[in-house]
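Everything below belongs to structure_23.txt, which stores compact mmCIF, C-alpha atoms and all ligand atoms.
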```txt
# COMPACT_ATOMS: atom_id res chain seq x y z
CA MET Q 442 -71.77 -41.75 53.24
CA LYS Q 443 -73.74 -38.88 54.65
CA ASP Q 444 -73.47 -35.51 52.93
CA GLY Q 445 -70.73 -33.24 54.17
CA SER Q 446 -68.66 -35.94 55.86
CA MET Q 447 -65.02 -36.04 54.91
CA THR Q 448 -63.81 -38.63 52.43
CA PRO Q 449 -60.32 -40.11 52.88
CA TYR Q 450 -59.21 -38.16 49.74
CA VAL Q 451 -60.24 -34.82 51.18
CA ASP Q 452 -58.69 -35.67 54.53
CA GLN Q 453 -55.42 -36.61 52.76
CA LEU Q 454 -55.46 -33.38 50.79
CA VAL Q 455 -55.84 -31.23 53.93
CA GLU Q 456 -53.00 -33.20 55.57
CA ALA Q 457 -50.83 -32.81 52.44
CA PHE Q 458 -51.45 -29.06 52.49
CA LEU Q 459 -50.47 -28.82 56.16
CA GLN Q 460 -47.16 -30.51 55.34
CA GLU Q 461 -46.32 -29.23 51.86
CA ARG Q 462 -48.40 -26.04 51.53
CA ALA Q 463 -49.12 -25.10 47.89
CA SER Q 464 -46.92 -27.79 46.30
CA GLN Q 465 -47.43 -29.18 42.81
CA ALA Q 466 -48.62 -32.49 44.33
CA VAL Q 467 -51.28 -30.66 46.37
CA PHE Q 468 -52.62 -28.92 43.24
CA GLU Q 469 -52.60 -32.18 41.27
CA GLN Q 470 -54.59 -33.85 44.02
CA LEU Q 471 -57.05 -30.95 44.10
CA PHE Q 472 -57.65 -31.12 40.32
CA ALA Q 473 -58.00 -34.92 40.51
CA ILE Q 474 -60.72 -34.62 43.17
CA SER Q 475 -62.43 -31.91 41.12
CA SER Q 476 -62.59 -34.03 37.98
CA CYS Q 477 -63.70 -37.28 39.74
CA ASP Q 478 -66.18 -35.83 42.21
CA PRO Q 479 -66.63 -32.03 42.05
CA LYS Q 480 -68.96 -32.06 45.08
CA GLN Q 481 -65.98 -33.05 47.26
CA ILE Q 482 -64.43 -29.63 46.58
CA SER Q 483 -66.94 -28.08 48.95
CA VAL Q 484 -66.11 -30.70 51.59
CA PHE Q 485 -62.44 -29.79 51.13
CA VAL Q 486 -63.04 -26.02 51.33
CA ILE Q 487 -65.11 -26.38 54.51
CA ALA Q 488 -62.54 -28.71 56.11
CA PHE Q 489 -59.74 -26.32 55.12
CA MET Q 490 -61.46 -23.31 56.72
CA GLU Q 491 -62.17 -25.39 59.85
CA ARG Q 492 -58.52 -26.33 60.36
CA ILE Q 493 -56.59 -23.42 58.81
CA SER Q 494 -57.46 -19.77 59.25
CA GLU Q 495 -54.99 -18.34 56.68
CA GLY Q 496 -55.83 -17.96 53.03
CA SER Q 497 -53.90 -19.82 50.33
CA THR Q 498 -53.67 -20.03 46.54
CA VAL Q 499 -54.89 -23.63 46.99
CA LEU Q 500 -58.06 -22.36 48.65
CA GLY Q 501 -58.46 -19.61 46.02
CA THR Q 502 -58.18 -22.23 43.27
CA ALA Q 503 -60.70 -24.46 45.03
CA PHE Q 504 -63.30 -21.63 45.12
CA GLY Q 505 -63.18 -21.55 41.32
CA LEU Q 506 -63.74 -25.32 41.15
CA LEU Q 507 -66.72 -25.38 43.53
CA ALA Q 508 -69.99 -26.59 42.03
CA MET Q 509 -72.39 -23.62 41.97
CA GLU Q 510 -74.94 -25.45 44.14
CA ASN Q 511 -72.31 -25.94 46.87
CA TRP Q 512 -71.58 -22.24 47.33
CA ASP Q 513 -74.42 -21.85 49.88
CA GLU Q 514 -72.90 -24.28 52.37
CA VAL Q 515 -69.44 -22.72 51.90
CA ILE Q 516 -70.81 -19.21 52.57
CA GLN Q 517 -72.63 -20.54 55.64
CA ALA Q 518 -69.39 -22.04 56.97
CA ALA Q 519 -67.44 -18.85 56.22
CA MET Q 520 -70.03 -16.72 58.06
CA LYS Q 521 -69.78 -19.00 61.10
CA HIS Q 522 -65.98 -18.46 61.22
CA LEU Q 523 -66.25 -14.70 60.67
CA ARG Q 524 -68.73 -14.28 63.54
CA SER Q 525 -66.24 -15.74 66.01
CA ASN Q 526 -63.06 -14.54 64.27
CA PRO Q 527 -63.44 -11.59 61.87
CA ALA Q 528 -59.73 -11.96 61.00
CA HIS Q 529 -60.25 -15.49 59.56
CA GLU Q 530 -58.53 -15.01 56.18
CA GLY Q 531 -59.87 -18.10 54.44
CA ALA Q 532 -63.46 -17.19 55.37
CA ALA Q 533 -62.91 -13.57 54.25
CA ASP Q 534 -61.55 -14.94 50.95
CA ALA Q 535 -64.69 -17.07 50.57
CA ILE Q 536 -66.77 -13.86 50.81
CA ALA Q 537 -64.52 -12.05 48.29
CA TYR Q 538 -64.76 -14.88 45.73
CA ALA Q 539 -68.51 -15.29 46.31
CA SER Q 540 -69.02 -11.55 45.73
CA LEU Q 541 -67.61 -12.09 42.21
CA GLN Q 542 -68.91 -15.55 41.31
CA CYS Q 543 -72.34 -15.56 42.97
CA PRO Q 544 -73.16 -12.20 44.62
CA ASP Q 545 -76.86 -13.15 44.92
CA LYS Q 546 -75.98 -15.92 47.34
CA LEU Q 547 -74.64 -13.27 49.74
CA SER Q 548 -77.79 -11.13 49.66
CA SER Q 549 -79.24 -12.44 52.93
CA TYR Q 550 -75.92 -11.77 54.73
CA VAL Q 551 -75.37 -8.21 53.50
CA GLU Q 552 -76.41 -6.50 56.74
CA GLU Q 553 -74.21 -8.81 58.80
CA LEU Q 554 -71.24 -8.47 56.45
CA PHE Q 555 -71.58 -4.70 56.64
CA ARG Q 556 -71.26 -4.99 60.44
CA LEU Q 557 -68.38 -7.50 60.35
CA GLN Q 558 -66.42 -5.81 57.52
CA PRO Q 559 -64.27 -8.81 56.49
CA ASN Q 560 -61.53 -7.78 54.00
CA GLU Q 561 -61.82 -4.30 55.52
CA ASN Q 562 -58.52 -3.05 54.13
CA ALA Q 563 -58.78 -4.68 50.70
CA TYR Q 564 -60.00 -2.88 47.57
CA TYR Q 565 -62.74 -5.52 47.28
CA SER Q 566 -64.00 -4.97 50.85
CA ALA Q 567 -67.41 -3.68 49.71
CA TRP Q 568 -68.02 -5.99 46.75
CA PHE Q 569 -70.56 -8.02 48.74
CA CYS Q 570 -72.74 -4.86 48.52
CA ARG Q 571 -73.36 -5.68 44.84
CA ALA Q 572 -75.98 -8.08 46.26
CA ALA Q 573 -77.66 -5.42 48.41
CA HIS Q 574 -81.46 -5.20 48.81
CA GLU Q 575 -83.27 -1.89 48.57
CA LYS Q 576 -83.63 -1.78 52.37
CA ASP Q 577 -79.83 -2.17 52.83
CA ILE Q 578 -79.30 0.70 50.41
CA GLU Q 579 -81.83 2.90 52.23
CA GLN Q 580 -80.05 2.22 55.52
CA TRP Q 581 -76.65 3.20 54.04
CA ILE Q 582 -78.16 6.34 52.52
CA HIS Q 583 -79.33 7.39 56.00
CA THR Q 584 -75.96 6.57 57.54
CA LEU Q 585 -74.03 8.48 54.87
CA HIS Q 586 -76.37 11.44 55.17
CA ASP Q 587 -75.88 11.77 58.95
CA ALA Q 588 -72.30 10.55 59.53
CA GLU Q 589 -69.42 12.94 60.05
CA VAL Q 590 -66.67 12.49 57.50
CA ASN Q 591 -64.15 11.11 60.06
CA ASP Q 592 -66.60 8.53 61.43
CA PRO Q 593 -65.74 5.04 60.00
CA ALA Q 594 -69.47 4.69 59.19
CA PHE Q 595 -69.03 7.44 56.59
CA GLY Q 596 -66.41 5.47 54.64
CA HIS Q 597 -68.20 2.14 55.03
CA SER Q 598 -71.55 3.47 53.81
CA LEU Q 599 -69.91 5.47 51.01
CA ASN Q 600 -68.12 2.36 49.71
CA ALA Q 601 -71.24 0.24 50.14
CA LEU Q 602 -73.35 2.66 48.08
CA LEU Q 603 -70.73 2.95 45.35
CA GLU Q 604 -70.57 -0.84 45.05
CA ALA Q 605 -74.35 -1.23 45.11
CA ARG Q 606 -74.20 0.78 41.86
CA THR Q 607 -77.93 1.55 41.68
CA GLU Q 608 -79.26 4.96 40.65
CA PRO Q 609 -80.58 5.87 44.17
CA ALA Q 610 -77.30 4.70 45.75
CA LEU Q 611 -75.13 6.76 43.38
CA ARG Q 612 -77.46 9.79 43.62
CA ALA Q 613 -77.09 9.71 47.42
CA VAL Q 614 -73.30 9.61 47.05
CA ILE Q 615 -73.38 12.59 44.68
CA GLU Q 616 -75.61 14.59 47.03
CA ARG Q 617 -73.43 13.86 50.10
CA ILE Q 618 -70.09 14.50 48.37
CA GLU Q 619 -71.37 17.74 46.82
CA ARG Q 620 -72.47 18.83 50.31
CA LEU Q 621 -69.02 17.91 51.66
CA HIS Q 622 -67.38 20.01 48.94
CA ARG Q 623 -69.65 22.92 49.84
CA ASP Q 624 -69.53 22.73 53.63
CA GLY Q 625 -66.53 20.57 54.59
CA SER Q 626 -62.93 21.61 55.05
CA GLN Q 627 -60.67 21.88 52.01
CA ALA Q 628 -58.69 18.78 53.07
CA GLU Q 629 -61.88 16.69 53.45
CA ALA Q 630 -63.17 17.77 50.07
CA VAL Q 631 -59.86 16.89 48.38
CA ARG Q 632 -59.99 13.39 49.91
CA TYR Q 633 -63.27 12.65 48.10
CA PRO Q 634 -63.11 13.68 44.43
CA LEU Q 635 -66.60 12.91 43.09
CA ASP Q 636 -65.63 12.03 39.52
CA LEU Q 637 -63.00 9.52 40.68
CA LEU Q 638 -65.42 7.90 43.14
CA LEU Q 639 -68.01 7.48 40.38
CA GLU Q 640 -65.35 6.26 37.94
CA GLU Q 641 -64.36 3.52 40.41
CA ALA Q 642 -68.02 2.42 40.30
CA GLY Q 643 -67.95 2.53 36.48
CA TYR Q 644 -69.98 5.73 36.03
CA ARG Q 645 -69.57 9.32 34.91
CA LEU Q 646 -71.84 12.33 35.23
CA ALA Q 647 -72.70 13.84 31.86
CA GLU Q 648 -74.84 16.98 32.11
CA GLY Q 649 -76.36 15.71 35.35
CA GLU Q 650 -77.13 12.21 33.96
CA LEU Q 651 -75.39 9.10 35.25
CA GLU Q 652 -73.77 7.19 32.39
CA GLN Q 653 -72.20 3.78 32.72
CA LEU Q 654 -68.62 3.64 31.40
CA HIS Q 655 -68.74 -0.05 30.46
CA GLY Q 656 -71.23 -2.55 29.03
CA ASN Q 657 -72.80 -5.43 30.95
CA MET Q 658 -72.44 -8.29 28.44
CA PRO Q 659 -68.87 -9.58 28.49
CA TYR Q 660 -67.40 -12.15 26.10
CA HIS Q 661 -64.32 -14.28 26.66
CA LEU Q 662 -61.77 -14.29 23.86
CA VAL Q 663 -61.17 -18.02 23.52
CA PHE Q 664 -58.01 -19.22 21.80
CA ARG Q 665 -57.26 -22.71 20.50
CA PRO Q 666 -54.90 -24.81 22.65
CA GLU Q 667 -52.35 -24.81 19.80
CA ASP Q 668 -52.19 -21.00 19.82
CA PHE Q 669 -50.12 -21.27 23.01
CA THR Q 670 -46.72 -22.89 22.99
CA ALA Q 671 -45.08 -21.94 26.31
CA GLU Q 672 -45.32 -24.44 29.17
CA ARG Q 673 -47.26 -23.49 32.28
CA PRO Q 674 -47.17 -25.12 35.72
CA VAL Q 675 -50.16 -27.29 36.61
CA TRP Q 676 -51.77 -24.65 38.88
CA PHE Q 677 -51.95 -22.16 36.00
CA ALA Q 678 -52.84 -24.77 33.35
CA ARG Q 679 -55.45 -23.25 31.05
CA GLU Q 680 -57.33 -26.56 30.76
CA GLN Q 681 -58.18 -26.30 34.46
CA HIS Q 682 -60.29 -23.17 34.24
CA PRO Q 683 -63.65 -22.99 32.42
CA THR Q 684 -63.07 -19.40 31.22
CA TRP Q 685 -60.45 -20.64 28.76
CA GLY Q 686 -63.00 -22.94 27.11
CA LEU Q 687 -60.14 -25.31 26.24
CA SER Q 688 -61.08 -28.16 28.52
CA PRO Q 689 -62.31 -31.31 26.75
CA ALA Q 690 -65.10 -31.40 29.36
CA THR Q 691 -66.52 -28.13 27.99
CA PRO Q 692 -69.00 -28.73 25.16
CA ALA Q 693 -67.66 -27.52 21.82
CA ALA Q 694 -68.50 -23.87 21.24
CA ASP Q 695 -71.48 -23.75 18.91
CA ASP Q 696 -72.11 -21.71 15.79
CA ARG Q 697 -73.71 -18.81 17.63
CA ASN Q 698 -70.29 -17.90 18.93
CA GLU Q 699 -68.75 -15.11 16.96
CA THR Q 700 -65.15 -15.05 15.87
CA ALA Q 701 -62.54 -12.31 15.81
CA MET Q 702 -59.21 -11.91 14.09
CA PHE Q 703 -56.31 -11.53 16.52
CA GLY Q 704 -52.69 -10.49 16.01
CA GLY Q 705 -50.54 -9.52 13.04
CA ARG Q 706 -49.54 -6.11 11.69
CA LEU Q 707 -51.60 -3.35 10.10
CA ALA Q 708 -50.58 -0.82 7.44
CA ALA Q 709 -50.96 2.48 9.32
CA PRO Q 710 -47.73 3.89 10.83
CA CYS Q 711 -47.37 4.55 14.57
CA SER Q 712 -47.41 8.28 15.29
CA VAL Q 713 -44.45 7.89 17.69
CA CYS Q 714 -41.97 5.50 15.96
CA GLY Q 715 -43.30 5.44 12.38
CA GLN Q 716 -43.40 1.61 12.25
CA PRO Q 717 -46.64 -0.17 11.21
CA ILE Q 718 -48.97 -0.60 14.20
CA HIS Q 719 -50.06 -4.02 15.50
CA ARG Q 720 -53.52 -5.54 15.27
CA LEU Q 721 -55.14 -6.46 18.57
CA LEU Q 722 -58.60 -7.50 17.30
CA THR Q 723 -60.81 -7.23 14.24
CA LEU Q 724 -64.54 -7.67 14.83
CA GLU Q 725 -66.48 -8.17 11.59
CA ARG Q 726 -69.67 -7.53 13.57
CA ILE Q 727 -70.01 -5.64 16.83
CA PRO Q 728 -71.48 -8.14 19.33
CA ASP Q 729 -74.52 -7.11 21.39
CA GLY Q 730 -73.71 -5.12 24.51
CA VAL Q 731 -70.33 -3.77 23.30
CA LEU Q 732 -70.46 0.04 23.43
CA ILE Q 733 -69.67 0.74 19.76
CA ALA Q 734 -72.71 2.08 17.89
CA SER Q 735 -71.23 4.30 15.18
CA LEU Q 736 -69.52 1.44 13.26
CA SER Q 737 -70.66 -2.00 12.12
CA ARG Q 738 -67.14 -3.49 12.12
CA ILE Q 739 -63.88 -2.42 13.74
CA THR Q 740 -60.18 -3.13 13.95
CA LEU Q 741 -58.47 -2.26 17.22
CA GLY Q 742 -54.75 -1.71 16.86
CA VAL Q 743 -51.84 -0.02 18.59
CA CYS Q 744 -48.05 0.06 18.47
CA LEU Q 745 -46.87 -2.57 20.99
CA SER Q 746 -43.35 -1.07 20.92
CA CYS Q 747 -44.54 2.37 22.01
CA LEU Q 748 -47.60 1.80 24.22
CA GLY Q 749 -46.65 2.19 27.87
CA TRP Q 750 -42.94 2.58 27.07
CA GLU Q 751 -42.78 5.72 24.92
CA GLU Q 752 -46.32 6.97 25.69
CA GLY Q 753 -48.64 6.05 28.58
CA GLU Q 754 -51.73 6.24 26.39
CA LEU Q 755 -52.22 6.04 22.62
CA PHE Q 756 -55.26 6.72 20.45
CA CYS Q 757 -56.50 5.88 16.95
CA VAL Q 758 -59.07 7.60 14.76
CA HIS Q 759 -61.20 5.13 12.77
CA ASP Q 760 -62.45 5.51 9.20
CA GLU Q 761 -65.92 4.44 8.07
CA GLN Q 762 -64.73 0.85 7.60
CA GLY Q 763 -63.52 0.86 11.20
CA GLU Q 764 -59.80 0.79 10.29
CA PRO Q 765 -57.53 2.55 12.83
CA TYR Q 766 -55.11 5.41 12.11
CA PRO Q 767 -52.87 6.59 14.97
CA HIS Q 768 -53.99 9.91 16.39
CA PRO Q 769 -51.32 12.59 15.92
CA SER Q 770 -51.53 13.74 19.58
CA ALA Q 771 -48.54 11.57 20.51
CA ALA Q 772 -46.39 12.55 17.50
CA GLY Q 773 -43.08 14.34 18.03
CA THR Q 774 -41.25 16.29 15.32
CA GLU Q 775 -39.05 13.27 14.47
CA PRO Q 776 -39.96 9.55 14.67
CA GLN Q 777 -38.57 8.06 17.90
CA GLU Q 778 -36.56 4.84 18.08
CA PRO Q 779 -38.51 2.58 20.51
CA GLN Q 780 -36.52 1.21 23.47
CA PHE Q 781 -38.30 -2.15 23.25
CA PRO Q 782 -39.23 -3.00 19.64
CA ALA Q 783 -42.04 -5.58 19.75
CA GLU Q 784 -42.95 -8.55 17.57
CA ALA Q 785 -46.56 -8.75 16.41
CA LEU Q 786 -49.03 -10.92 18.30
CA ARG Q 787 -49.46 -14.25 16.55
CA ASP Q 788 -52.24 -14.34 13.90
CA ALA Q 789 -55.15 -16.36 15.19
CA MET Q 790 -58.90 -16.68 14.71
CA ILE Q 791 -60.41 -16.61 18.16
CA LYS Q 792 -63.93 -17.21 19.43
CA LEU Q 793 -66.06 -14.75 21.37
CA VAL Q 794 -67.92 -16.75 23.99
CA PRO Q 795 -70.50 -14.97 26.19
CA ALA Q 796 -69.16 -15.01 29.77
CA SER Q 797 -71.60 -16.96 31.91
CA GLY Q 798 -73.04 -15.41 35.09
CA ARG Q 799 -70.34 -16.87 37.27
CA TRP Q 800 -67.49 -15.30 35.29
CA GLN Q 801 -69.29 -12.13 34.31
CA THR Q 802 -67.10 -10.03 36.63
CA GLN Q 803 -63.47 -11.04 37.06
CA ASP Q 804 -60.68 -9.60 39.15
CA TRP Q 805 -57.01 -9.62 38.24
CA ALA Q 806 -55.54 -10.30 41.71
CA LEU Q 807 -58.18 -12.82 42.80
CA SER Q 808 -57.80 -14.63 39.47
CA ASN Q 809 -54.12 -15.11 40.34
CA SER Q 810 -53.23 -16.02 36.72
CA ARG Q 811 -55.72 -18.89 36.62
CA GLU Q 812 -58.58 -17.29 34.71
CA ASN Q 813 -58.95 -16.08 31.15
CA LEU Q 814 -59.02 -12.29 31.49
CA ASN Q 815 -58.99 -11.65 27.73
CA ARG Q 816 -62.40 -10.08 27.41
CA LEU Q 817 -64.60 -7.99 25.14
CA GLY Q 818 -67.22 -5.81 26.85
CA GLY Q 819 -68.36 -6.05 30.46
CA MET Q 820 -66.59 -4.53 33.45
CA PRO Q 821 -62.80 -4.01 33.29
CA SER Q 822 -60.49 -5.97 35.64
CA TRP Q 823 -58.36 -3.07 36.88
CA ILE Q 824 -54.94 -3.71 38.38
CA GLN Q 825 -54.25 -0.17 39.67
CA GLY Q 826 -57.80 1.11 40.07
CA ALA Q 827 -60.22 2.63 37.56
CA ASP Q 828 -58.62 4.77 34.86
CA TYR Q 829 -60.87 5.45 31.88
CA LEU Q 830 -59.07 7.48 29.21
CA HIS Q 831 -60.24 10.89 28.02
CA CYS Q 832 -60.93 11.26 24.31
CA PRO Q 833 -58.31 13.52 22.69
CA HIS Q 834 -61.02 15.09 20.48
CA CYS Q 835 -63.90 15.91 22.84
CA SER Q 836 -62.10 15.44 26.24
CA GLU Q 837 -64.97 13.27 27.57
CA LYS Q 838 -64.28 10.04 29.45
CA MET Q 839 -64.25 7.12 27.02
CA ALA Q 840 -66.14 3.84 27.48
CA PHE Q 841 -64.29 0.60 28.19
CA ILE Q 842 -64.67 -1.96 25.37
CA ALA Q 843 -62.07 -4.72 25.77
CA GLN Q 844 -59.01 -5.94 27.67
CA LEU Q 845 -56.09 -8.25 26.87
CA ASP Q 846 -54.11 -10.05 29.56
CA SER Q 847 -50.39 -10.91 29.43
CA ASP Q 848 -48.99 -14.28 28.19
CA LEU Q 849 -50.45 -13.79 24.70
CA PRO Q 850 -48.75 -15.71 21.88
CA THR Q 851 -46.40 -13.67 19.64
CA SER Q 852 -45.37 -14.34 16.04
CA ASP Q 853 -41.88 -15.50 17.14
CA GLY Q 854 -43.26 -18.19 19.49
CA GLU Q 855 -42.76 -16.19 22.69
CA GLU Q 856 -45.41 -14.78 25.01
CA TRP Q 857 -46.31 -11.11 25.24
CA MET Q 858 -46.30 -9.26 28.58
CA TRP Q 859 -47.77 -5.85 29.31
CA GLY Q 860 -45.00 -4.46 31.52
CA SER Q 861 -44.28 -6.94 34.30
CA GLY Q 862 -47.37 -8.99 33.39
CA GLY Q 863 -50.31 -6.58 33.39
CA ILE Q 864 -53.45 -6.01 31.35
CA ALA Q 865 -54.06 -3.69 28.38
CA TYR Q 866 -57.40 -1.86 28.28
CA MET Q 867 -59.19 -0.55 25.18
CA PHE Q 868 -61.60 2.40 25.20
CA TRP Q 869 -63.99 3.97 22.71
CA CYS Q 870 -65.52 7.39 22.05
CA ASP Q 871 -68.53 6.70 19.85
CA GLY Q 872 -69.16 10.32 18.86
CA CYS Q 873 -65.57 10.87 17.63
CA ARG Q 874 -64.85 7.27 16.42
CA VAL Q 875 -61.66 7.28 18.49
CA SER Q 876 -60.16 4.24 20.25
CA GLY Q 877 -57.79 4.57 23.22
CA TYR Q 878 -55.25 2.17 24.73
CA ARG Q 879 -53.28 1.89 27.95
CA TRP Q 880 -51.97 -0.85 30.20
CA GLN Q 881 -51.51 -1.31 33.94
CA CYS Q 882 -49.28 -3.69 35.83
CA THR Q 883 -48.11 -4.03 39.43
ZN ZN C 1 -44.53 2.94 17.79
ZN ZN C 2 -64.59 12.06 21.72
```
Let's see the structure in the file written out as structure tokens.
Amino acid sequence: MKDGSMTPYVDQLVEAFLQERASQAVFEQLFAISSCDPKQISVFVIAFMERISEGSTVLGTAFGLLAMENWDEVIQAAMKHLRSNPAHEGAADAIAYASLQCPDKLSSYVEELFRLQPNENAYYSAWFCRAAHEKDIEQWIHTLHDAEVNDPAFGHSLNALLEARTEPALRAVIERIERLHRDGSQAEAVRYPLDLLLEEAGYRLAEGELEQLHGNMPYHLVFRPEDFTAERPVWFAREQHPTWGLSPATPAADDRNETAMFGGRLAAPCSVCGQPIHRLLTLERIPDGVLIASLSRITLGVCLSCLGWEEGELFCVHDEQGEPYPHPSAAGTEPQEPQFPAEALRDAMIKLVPASGRWQTQDWALSNSRENLNRLGGMPSWIQGADYLHCPHCSEKMAFIAQLDSDLPTSDGEEWMWGSGGIAYMFWCDGCRVSGYRWQCT
């Protein structure tokens, strides 16, 4: 059979989708094709985009199953659809997923994507700019410099430069926004707060220097299959996604992988309710790339009953051994009875597995509960937009160090949710040895 032609299985799967949409049978068929002949996933994705212009969770799942070497032909097909129909959702989704999983493969389309603006109203509209060449960046710098603030080119080039995240790109943003604050109207200036724009790009300005607010070497926190007890439907099954490292097809994690202690209770009392706080993670060694330099080991812990319910953000001060003690900033005169007393997370030894290039940057919404978003280091997967905490000691913005997703195992056999199913983020101020915690959900 010649490459790219449709097999009967792929044809059947497209037909099944047209009749049943995202049914369990459709997902089962998709996973079966992926495990027998992963190259057919690209044939399916291309056939899907050819016949159906909407997006679908089935298509989103298929993008994660694509063999890396097939992404080029999928991007080519998506570009063809976008040129004739910029509102083609499936093709726009292909660009969004590619901008996370393989931004380099978009680099020769950056100029065209900037013109077409697929995903224009989505928060990830400019993520393809992470693959920008120097000449693209120079062009956007010129555009931003000359454009009036109410010209759409102003917003497009501003977003593009923020997502390109290089020093010249961010310097140009700073120069233009400072000029706007000087010369523009009050209302225009208020619409573009410089520190929030930089924060969204993962940077802060400290005495004129640009400082990154997160590391660039993420690790997945990999649990054992037996750590989870609750059933999940086939389309969320952890075995199906490589970031969980639970699939028998994944080679066993080798000895270079570090471990961390997860779950259980600690001794220190919560400053809000007085009950012992809960352990999130203990790292006996700080892995490379995680922004903790002032300690050689650390325990991250917080009161699960109080975080987000009694107090939006909580902090701990760490001793020289890295043990956490709740910061008194949240303390009232009397201990408060928590509205939702929480069980501890279930004790487990977990592995820290370096996140490969493809899963280096992950997004909460695009992951759609399929991927392992329990991560140490790297870029945070925000749900409500960037929100780095300020250290209660020195008031500086803290660095992001780790995040935990919902559906974590608890000591009573249930699964833990952050609010309605969000993510908890952990931050660190190295100078003050203070950790900070907050969660976001929809
Ligand atoms: Zn508490
Ligand atoms: Zn501080």
**Report entry** Counting all atoms listed in the file, the option among Q:Ile578, Q:Val758, Q:Met858, Q:Ile791 closest to ligand ZN 2 (chain C)
**Finding:** Q:Val758
Query raised in the report: Can you tell me how far CA of Ser475 (chain Q) sits from CA of Ala508 (chain Q), in Å to one decimal?
Result: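 Answer for the CA of Ser475 (chain Q) to CA of Ala508 (chain Q) separation: 9.3 Å.
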Counting only C-alpha atoms and all ligand atoms, which residues of chain Q fall within 10 Å of ligand ZN 1 (chain C), and what is the closest atom pair for each with its distance in Å at one decimal, ordered by chain and rising number, as CSV?
```
residue,atom,partner,partner_atom,distance
Q:Pro710,CA,C:ZN1,ZN,7.7
Q:Cys711,CA,C:ZN1,ZN,4.6
Q:Ser712,CA,C:ZN1,ZN,6.6
Q:Val713,CA,C:ZN1,ZN,5.0
Q:Cys714,CA,C:ZN1,ZN,4.1
Q:Gly715,CA,C:ZN1,ZN,6.1
Q:Gln716,CA,C:ZN1,ZN,5.8
Q:Pro717,CA,C:ZN1,ZN,7.6
Q:Ile718,CA,C:ZN1,ZN,6.7
Q:His719,CA,C:ZN1,ZN,9.2
Q:Val743,CA,C:ZN1,ZN,7.9
Q:Cys744,CA,C:ZN1,ZN,4.6
Q:Leu745,CA,C:ZN1,ZN,6.8
Q:Ser746,CA,C:ZN1,ZN,5.2
Q:Cys747,CA,C:ZN1,ZN,4.3
Q:Leu748,CA,C:ZN1,ZN,7.2
Q:Trp750,CA,C:ZN1,ZN,9.4
Q:Glu751,CA,C:ZN1,ZN,7.9
Q:Glu752,CA,C:ZN1,ZN,9.0
Q:Leu755,CA,C:ZN1,ZN,9.6
Q:Pro767,CA,C:ZN1,ZN,9.5
Q:Ala771,CA,C:ZN1,ZN,9.9
Q:Ala772,CA,C:ZN1,ZN,9.8
Q:Pro776,CA,C:ZN1,ZN,8.6
Q:Gln777,CA,C:ZN1,ZN,7.9
Q:Glu778,CA,C:ZN1,ZN,8.2
Q:Pro779,CA,C:ZN1,ZN,6.6
Q:Gln780,CA,C:ZN1,ZN,10.0
Q:Phe781,CA,C:ZN1,ZN,9.7
Q:Pro782,CA,C:ZN1,ZN,8.2
Q:Ala783,CA,C:ZN1,ZN,9.1
```
Report task. Tell me, as a VMD selection string, which residues lie within 7 Å of region 787-789 of chain Q, counting all atoms listed in the file; anything in the same chain fewer than 4 positions away does not count. Result -> chain Q and resid 702 to 705 850 to 852
Export of the given selection (C-alpha atoms) as a PDB file, keeping the file's coordinate frame:
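So again17.pdb came out as:
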```pdb
ATOM      1  CA  MET Q 702     -59.210 -11.910  14.090  1.00  0.00           C
ATOM      2  CA  PHE Q 703     -56.310 -11.530  16.520  1.00  0.00           C
ATOM      3  CA  GLY Q 704     -52.690 -10.490  16.010  1.00  0.00           C
ATOM      4  CA  GLY Q 705     -50.540  -9.520  13.040  1.00  0.00           C
ATOM      5  CA  PRO Q 850     -48.750 -15.710  21.880  1.00  0.00           C
ATOM      6  CA  THR Q 851     -46.400 -13.670  19.640  1.00  0.00           C
ATOM      7  CA  SER Q 852     -45.370 -14.340  16.040  1.00  0.00           C
TER       8      SER Q 852
END
```
Requested in this report: Identify, counting only C-alpha atoms and all ligand atoms, the protein, DNA and RNA residues located within 9 Å of ligand ZN 2 (chain C), and give them as a PyMOL selection string.
Outcome: chain Q and resi 831-839+869-875
Selection to disk with C-alpha atoms, as a compact mmCIF listing (two decimals), keeping the file's coordinate frame:
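Result went into result-v2.txt, see below:
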```
# COMPACT_ATOMS: atom_id res chain seq x y z
CA HIS Q 831 -60.24 10.89 28.02
CA CYS Q 832 -60.93 11.26 24.31
CA PRO Q 833 -58.31 13.52 22.69
CA HIS Q 834 -61.02 15.09 20.48
CA CYS Q 835 -63.90 15.91 22.84
CA SER Q 836 -62.10 15.44 26.24
CA GLU Q 837 -64.97 13.27 27.57
CA LYS Q 838 -64.28 10.04 29.45
CA MET Q 839 -64.25 7.12 27.02
CA TRP Q 869 -63.99 3.97 22.71
CA CYS Q 870 -65.52 7.39 22.05
CA ASP Q 871 -68.53 6.70 19.85
CA GLY Q 872 -69.16 10.32 18.86
CA CYS Q 873 -65.57 10.87 17.63
CA ARG Q 874 -64.85 7.27 16.42
CA VAL Q 875 -61.66 7.28 18.49
```
